[in-house]
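J.: Encoded as structure tokens, here's the structure I'll be asking about.
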Amino acid sequence: MTIKVLFFGVARDISEINSIDLELKKDSNVLDLIQIMKERYSGFSAINDFSIAVNEEYARNDIILNDSDVVAIIPPVSGG
């Protein structure tokens with residue numbers, strides 16, 4: 001299956017791209033995607049806590065991804 005992954009903030013800086021179409025095994029979940037991102041982009045291991053949204057809704061790690069899902073990787077935001 002193919003999903004679209006969108007990168008925001010520091011996640012975009014680490015990946016050096018805005019988005020990518022990614023092939024995943026059927027029945028992959030959010031945690032599987034996080035592991036792939038850490039393997040593909042070493043800088044993701046430095047982000048301890050980031051949110052994942054699937055089709056514009058925040059998702060838990062056990063949510064199963066489906067073909068054509070749009071997944072956003074949203075790092076923690078800080079500011080003053």
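Going through the structure tokens in order, the chains are called A, B, and so on, while each chain numbers its residues from 1 and the ligands are numbered from 1 in the order shown.
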Could you give me the residues within chain A that DSSP places in alpha helix (DSSP H), as a PyMOL selection string?
T.: chain A and resi 10-15+30-40
J.: Which residue is closest to A:Ser42? Choose from A:Ile3, A:Ala11, A:Asp62, A:Val77 and count only C-alpha atoms.
T.: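 Ranking A:Ile3, A:Ala11, A:Asp62, A:Val77 by distance to A:Ser42, first place goes to A:Ala11.
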J.: Which residue, A:Ile36, A:Leu31, A:Ile47, A:Ile14, has the smallest gap to A:Arg60 when you use only C-alpha atoms?
T.: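 Of A:Ile36, A:Leu31, A:Ile47, A:Ile14, the one nearest A:Arg60 is A:Leu31, counting only C-alpha atoms.
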J.: For A:Asn29, which residue among A:Asn61, A:Ser68, A:Asn55, A:Ser15 is the nearest when counting only C-alpha atoms?
T.: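 For A:Asn29, the nearest of the candidates is A:Asn61.
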J.: Please determine, counting only C-alpha atoms, which residue among A:Ile17, A:Val5, A:Arg40, A:Ile34 has the shortest atom-to-atom distance to A:Glu56.
T.: A:Val5
J.: Calculate how many Å separate atom CA of A:Ile73 from atom CA of A:Ala53, rounding to one decimal.
T.: 6.8 Å
J.: With a distance cut-off of 8 Å and only C-alpha atoms, select the neighbouring residues of A:Ile74, excluding the residue or stretch itself and same-chain residues fewer than 5 positions from it, and output the selection as a list in words.
T.: Phe7, Phe8, Gly9, Ala11, Phe50, Ser51, Ile52 and Ala53 of chain A
J.: Put those residues in a file: N, CA and C atoms, as a PDB file, in the first residue's frame.
T.:
```pdb
ATOM      1  N   PHE A   7       5.775  16.239   6.259  1.00  0.00           N
ATOM      2  CA  PHE A   7       6.717  16.601   7.310  1.00  0.00           C
ATOM      3  C   PHE A   7       6.538  18.073   7.670  1.00  0.00           C
ATOM      4  N   PHE A   8       6.493  18.381   8.978  1.00  0.00           N
ATOM      5  CA  PHE A   8       6.337  19.739   9.454  1.00  0.00           C
ATOM      6  C   PHE A   8       7.439  20.088  10.438  1.00  0.00           C
ATOM      7  N   GLY A   9       7.767  21.375  10.513  1.00  0.00           N
ATOM      8  CA  GLY A   9       8.747  21.874  11.487  1.00  0.00           C
ATOM      9  C   GLY A   9      10.091  21.177  11.373  1.00  0.00           C
ATOM     10  N   ALA A  11      10.780  18.149  11.691  1.00  0.00           N
ATOM     11  CA  ALA A  11      10.689  16.913  10.907  1.00  0.00           C
ATOM     12  C   ALA A  11      10.995  17.198   9.440  1.00  0.00           C
ATOM     13  N   PHE A  50       6.725  13.260  19.263  1.00  0.00           N
ATOM     14  CA  PHE A  50       6.055  13.961  18.180  1.00  0.00           C
ATOM     15  C   PHE A  50       4.700  13.337  17.951  1.00  0.00           C
ATOM     16  N   SER A  51       3.819  14.125  17.372  1.00  0.00           N
ATOM     17  CA  SER A  51       2.457  13.671  17.124  1.00  0.00           C
ATOM     18  C   SER A  51       2.328  13.194  15.689  1.00  0.00           C
ATOM     19  N   ILE A  52       1.421  12.265  15.510  1.00  0.00           N
ATOM     20  CA  ILE A  52       1.108  11.745  14.181  1.00  0.00           C
ATOM     21  C   ILE A  52      -0.377  11.997  13.938  1.00  0.00           C
ATOM     22  N   ALA A  53      -0.679  12.559  12.792  1.00  0.00           N
ATOM     23  CA  ALA A  53      -2.072  12.724  12.381  1.00  0.00           C
ATOM     24  C   ALA A  53      -2.292  11.891  11.129  1.00  0.00           C
TER      25      ALA A  53
END
```
J.: Which value, in Å to one decimal, gives the distance between atom CA of A:Asp69 and atom CA of A:Met1?
T.: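 The value is 9.4 Å.
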